[in-house]
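Asker: A single structure is presented below for examination.
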Amino acid sequence: MGAWGPGIFSDDTASDIRGEYRELLEDQVPDGEATRRVIEAYGHLDADEEHVLWLALAATQASLGRLDDEVRARAIDVIDSGRGLHLWDEAGPTELAKRKSVLAKLRSQLTGPQATRKAVRRPWRHETDLRPGDILSFTASNGGMALLRVLRVDDQRVGVAPIVEWLDWGGRSLPRAKELERLKARAGNTPALGGPRRPATYRVARHRKKDQDWHESGFVLAARATPRPEDEKTTAWTYLEWRGLSRDLEGQLAT
């Protein structure tokens, strides 16, 4: 574990513990079962890291009004015994003092009046009506056209995001169906360190409900092509939102 900050969640392990516990609650797993699963999942931590589990889990539970008695006792024991402080001692007296201050505040939170139990619900999750093989068209203000083919849909817990490729087509109207099936990906920008140009592939996500979807950003469902077996393994080189993609295409088509 790398101690890169005095905060309870200033390392990846602590943040992961918080995230996994919250996800279990979002999935309506009972409090006790969620606690058991997280403890079991991080049972592999060695002596130098075990303190992170109890501090992170206790802090998360306390903030949600769900502090488990055993978790509280374990976290207080970690604080009182000074376990793990050697990591900040090595960083110098200033960092050590900051960490001790954070731990003292956490101890007060754990031993003082507890917060009211808070409901934990799943965050808004975007779904898409696009499917592999869909062909989207985008027409720039100068009349130039971009065709994008949906390769696959990246489905994750927080939402879905189509992976699309910009097809190598310079016309201002749709090609015939047979020609459309044969189109390859347009070459994207050259990597900064040189080397071959990568295909122009994008992972297009909608992170918030207020973010524009594809049909609100100037894209039109123009046709369907046959999905290709290799599409499932395609890597997206650029990550953005639909509005950002439309701006990018507008700029490139204008040149």
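In the structure tokens, each chain is lettered A, B, ... as it comes, each chain's residues begin at 1, and ligands are numbered from 1 in order of appearance.
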Report as a list in words all protein, DNA and RNA residues lying within 10 Å of Arg107 (chain A), evaluated on only C-alpha atoms, omitting residues in the same chain fewer than 6 positions from it.
Answerer: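 Residues meeting the cut-off are Leu55, Ala58, Ala59, Arg72, Ala75, Ile76, Asp77, Ile79, Asp80 and Ser101 of chain A.
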Asker: Write the residues of the preceding selection, restricted to C-alpha atoms, as a short mmCIF file (atom, residue, chain, number, x, y, z; two decimals), in the first residue's frame.
Answerer:
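Saved as result21.cif:
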```cif
data_model
loop_
_atom_site.label_atom_id
_atom_site.label_comp_id
_atom_site.auth_asym_id
_atom_site.auth_seq_id
_atom_site.Cartn_x
_atom_site.Cartn_y
_atom_site.Cartn_z
CA LEU A 55 -10.52 2.29 9.28
CA ALA A 58 -15.72 2.03 9.94
CA ALA A 59 -15.53 5.51 8.43
CA ARG A 72 -16.03 0.04 15.40
CA ALA A 75 -11.06 0.49 14.11
CA ILE A 76 -10.66 2.01 17.58
CA ASP A 77 -8.06 -0.66 18.41
CA ILE A 79 -6.19 3.95 16.21
CA ASP A 80 -5.25 3.42 19.86
CA SER A 101 -5.25 14.43 13.54
#
```
Asker: Write down as a ChimeraX atom specification the residues of region 124-206 of chain A whose backbone DSSP state falls under helix (DSSP H, G or I).
Answerer: /A:177-182
Asker: Please identify all polymer residues within 7 Å of region 137-154 of chain A, counting only C-alpha atoms, omitting same-chain residues fewer than 5 positions from it, and present them as a PDB file with N, CA and C atoms, in the first residue's frame.
Answerer:
```
ATOM      1  N   ARG A 131     -27.457  -0.575 -31.042  1.00  0.00           N
ATOM      2  CA  ARG A 131     -27.060  -1.974 -31.070  1.00  0.00           C
ATOM      3  C   ARG A 131     -25.889  -2.150 -32.029  1.00  0.00           C
ATOM      4  N   PRO A 132     -25.070  -3.178 -31.834  1.00  0.00           N
ATOM      5  CA  PRO A 132     -23.971  -3.431 -32.769  1.00  0.00           C
ATOM      6  C   PRO A 132     -24.479  -3.512 -34.201  1.00  0.00           C
ATOM      7  N   VAL A 160     -24.016   2.106 -19.674  1.00  0.00           N
ATOM      8  CA  VAL A 160     -23.548   1.508 -20.922  1.00  0.00           C
ATOM      9  C   VAL A 160     -22.982   2.600 -21.816  1.00  0.00           C
ATOM     10  N   ALA A 161     -22.057   2.209 -22.685  1.00  0.00           N
ATOM     11  CA  ALA A 161     -21.438   3.170 -23.593  1.00  0.00           C
ATOM     12  C   ALA A 161     -21.136   2.478 -24.913  1.00  0.00           C
ATOM     13  N   PRO A 162     -21.726   2.939 -26.008  1.00  0.00           N
ATOM     14  CA  PRO A 162     -21.408   2.356 -27.307  1.00  0.00           C
ATOM     15  C   PRO A 162     -19.949   2.624 -27.695  1.00  0.00           C
ATOM     16  N   ILE A 163     -19.337   1.643 -28.313  1.00  0.00           N
ATOM     17  CA  ILE A 163     -18.023   1.798 -28.916  1.00  0.00           C
ATOM     18  C   ILE A 163     -18.261   1.948 -30.413  1.00  0.00           C
ATOM     19  N   VAL A 164     -17.866   3.077 -30.986  1.00  0.00           N
ATOM     20  CA  VAL A 164     -18.157   3.351 -32.394  1.00  0.00           C
ATOM     21  C   VAL A 164     -16.861   3.641 -33.151  1.00  0.00           C
ATOM     22  N   GLU A 165     -16.903   3.388 -34.457  1.00  0.00           N
ATOM     23  CA  GLU A 165     -15.769   3.735 -35.305  1.00  0.00           C
ATOM     24  C   GLU A 165     -16.254   4.676 -36.406  1.00  0.00           C
ATOM     25  N   TRP A 166     -15.401   5.641 -36.728  1.00  0.00           N
ATOM     26  CA  TRP A 166     -15.675   6.580 -37.803  1.00  0.00           C
ATOM     27  C   TRP A 166     -15.247   5.908 -39.100  1.00  0.00           C
ATOM     28  N   LEU A 167     -16.201   5.684 -39.974  1.00  0.00           N
ATOM     29  CA  LEU A 167     -15.920   4.966 -41.213  1.00  0.00           C
ATOM     30  C   LEU A 167     -15.212   5.854 -42.239  1.00  0.00           C
ATOM     31  N   GLY A 171     -18.152  10.775 -48.850  1.00  0.00           N
ATOM     32  CA  GLY A 171     -19.312  11.266 -49.580  1.00  0.00           C
ATOM     33  C   GLY A 171     -20.224  12.123 -48.721  1.00  0.00           C
ATOM     34  N   ARG A 172     -21.232  12.681 -49.368  1.00  0.00           N
ATOM     35  CA  ARG A 172     -22.194  13.526 -48.663  1.00  0.00           C
ATOM     36  C   ARG A 172     -23.580  12.881 -48.603  1.00  0.00           C
ATOM     37  N   GLY A 218     -27.087  15.629 -32.809  1.00  0.00           N
ATOM     38  CA  GLY A 218     -26.915  15.755 -34.245  1.00  0.00           C
ATOM     39  C   GLY A 218     -26.716  14.460 -34.995  1.00  0.00           C
ATOM     40  N   PHE A 219     -26.837  13.322 -34.319  1.00  0.00           N
ATOM     41  CA  PHE A 219     -26.648  12.036 -34.980  1.00  0.00           C
ATOM     42  C   PHE A 219     -27.989  11.450 -35.408  1.00  0.00           C
ATOM     43  N   VAL A 220     -27.966  10.748 -36.531  1.00  0.00           N
ATOM     44  CA  VAL A 220     -29.172  10.132 -37.087  1.00  0.00           C
ATOM     45  C   VAL A 220     -28.894   8.658 -37.328  1.00  0.00           C
ATOM     46  N   LEU A 221     -29.843   7.810 -36.952  1.00  0.00           N
ATOM     47  CA  LEU A 221     -29.706   6.387 -37.255  1.00  0.00           C
ATOM     48  C   LEU A 221     -30.012   6.205 -38.734  1.00  0.00           C
ATOM     49  N   ALA A 222     -28.982   5.943 -39.532  1.00  0.00           N
ATOM     50  CA  ALA A 222     -29.112   5.976 -40.988  1.00  0.00           C
ATOM     51  C   ALA A 222     -29.256   4.605 -41.618  1.00  0.00           C
ATOM     52  N   PRO A 227     -22.920  -6.935 -37.931  1.00  0.00           N
ATOM     53  CA  PRO A 227     -21.806  -6.931 -36.959  1.00  0.00           C
ATOM     54  C   PRO A 227     -20.725  -7.925 -37.368  1.00  0.00           C
ATOM     55  N   ASP A 231     -15.426  -7.198 -33.936  1.00  0.00           N
ATOM     56  CA  ASP A 231     -15.886  -5.975 -33.275  1.00  0.00           C
ATOM     57  C   ASP A 231     -15.836  -6.081 -31.753  1.00  0.00           C
ATOM     58  N   GLU A 232     -16.079  -7.275 -31.230  1.00  0.00           N
ATOM     59  CA  GLU A 232     -16.126  -7.469 -29.779  1.00  0.00           C
ATOM     60  C   GLU A 232     -14.780  -7.203 -29.112  1.00  0.00           C
ATOM     61  N   GLU A 250     -17.451  17.941 -36.106  1.00  0.00           N
ATOM     62  CA  GLU A 250     -17.680  19.224 -36.760  1.00  0.00           C
ATOM     63  C   GLU A 250     -16.355  19.904 -37.085  1.00  0.00           C
ATOM     64  N   LEU A 253     -14.416  17.830 -39.885  1.00  0.00           N
ATOM     65  CA  LEU A 253     -15.039  17.935 -41.199  1.00  0.00           C
ATOM     66  C   LEU A 253     -14.881  19.314 -41.802  1.00  0.00           C
ATOM     67  N   ALA A 254     -14.630  20.309 -40.956  1.00  0.00           N
ATOM     68  CA  ALA A 254     -14.468  21.683 -41.443  1.00  0.00           C
ATOM     69  C   ALA A 254     -13.085  21.912 -42.037  1.00  0.00           C
TER      70      ALA A 254
END
```
Asker: I'd like the contact shell of Asp213 (chain A) - 12 Å cut-off, only C-alpha atoms, skipping same-chain residues fewer than 2 positions apart - returned as a PyMOL selection string.
Answerer: chain A and resi 126-130+160-162+204-211+215-220+240-246
Asker: For a quick check of understanding, using only C-alpha atoms, which of A:Ala47, A:Leu106, A:Ala225, A:Leu57 has the smallest distance to Asp69 (chain A)?
Answerer: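 The closest residue to Asp69 (chain A) is A:Leu57.
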Asker: Calculate how many Å separate CA of Trp124 (chain A) from CA of Gln28 (chain A), rounding to one decimal.
Answerer: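 Between CA of Trp124 (chain A) and CA of Gln28 (chain A) the gap works out to 15.4 Å.
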Asker: Just how far from CA of Val120 (chain A) is CA of Leu25 (chain A), in Å to one decimal?
Answerer: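 Atom-to-atom, CA of Leu25 (chain A) to CA of Val120 (chain A), that is 6.1 Å.
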Asker: List the spatial neighbours of Arg66 (chain A) as an MDAnalysis selection string - criterion: any atom at most 9 Å away, only C-alpha atoms, same-chain residues fewer than 5 positions off excluded.
Answerer: chainID A and resid 31 58 60:61 114:118
Asker: Would you list the contacts of Leu87 (chain A) as a PDB file with C-alpha atoms, in the first residue's frame, taking every protein, DNA or RNA residue within 12 Å and counting only C-alpha atoms, but skipping same-chain residues closer than 5 positions in sequence?
Answerer:
```
ATOM      1  CA  MET A   1       0.000   0.000   0.000  1.00  0.00           C
ATOM      2  CA  GLY A   2       1.235   3.478  -0.768  1.00  0.00           C
ATOM      3  CA  ALA A   3       0.438   6.100   1.883  1.00  0.00           C
ATOM      4  CA  TRP A   4       0.110   9.196  -0.289  1.00  0.00           C
ATOM      5  CA  GLY A   5      -2.084  11.335   1.922  1.00  0.00           C
ATOM      6  CA  PRO A   6      -3.258  11.637   5.527  1.00  0.00           C
ATOM      7  CA  ASP A  48       0.991  -3.676   7.056  1.00  0.00           C
ATOM      8  CA  GLU A  49      -2.356  -3.201   5.308  1.00  0.00           C
ATOM      9  CA  HIS A  51      -5.553  -1.494   9.439  1.00  0.00           C
ATOM     10  CA  VAL A  52      -6.814   0.078   6.195  1.00  0.00           C
ATOM     11  CA  GLY A  82      -0.980   3.193  16.344  1.00  0.00           C
ATOM     12  CA  GLY A  92       8.192  13.050   8.193  1.00  0.00           C
ATOM     13  CA  PRO A  93       6.751  14.727  11.303  1.00  0.00           C
ATOM     14  CA  GLU A  95       2.632  14.170   7.578  1.00  0.00           C
ATOM     15  CA  LEU A  96       2.573  12.076  10.748  1.00  0.00           C
ATOM     16  CA  ARG A  99      -2.496  11.545   9.979  1.00  0.00           C
ATOM     17  CA  LYS A 100      -2.831  11.517  13.759  1.00  0.00           C
TER      18      LYS A 100
END
```
Asker: Which of region 23-170 of chain A end up as strand (DSSP E or B) when DSSP is run on this backbone - answer as a ChimeraX atom specification?
Answerer: /A:126,134-139,145-156,159-167
Asker: Counting only C-alpha atoms, which of A:Leu136, A:Glu33, A:Tyr239, A:Val38 gets nearest to Gly19 (chain A)?
Answerer: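 So, comparing all the options, the nearest one is A:Val38.
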Asker: For Glu23 (chain A), which residue among A:Leu249, A:Pro123, A:Arg186, A:Arg176 is the nearest when counting only C-alpha atoms?
Answerer: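 Ranked by minimum distance to Glu23 (chain A), first place goes to A:Pro123.
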Asker: Kindly indicate which residue among A:Ala200, A:Tyr21, A:Thr226, A:Glu50 lies nearest to Lys178 (chain A), using only C-alpha atoms for the distances.
Answerer: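 Selected residue with least distance to Lys178 (chain A): A:Thr226.
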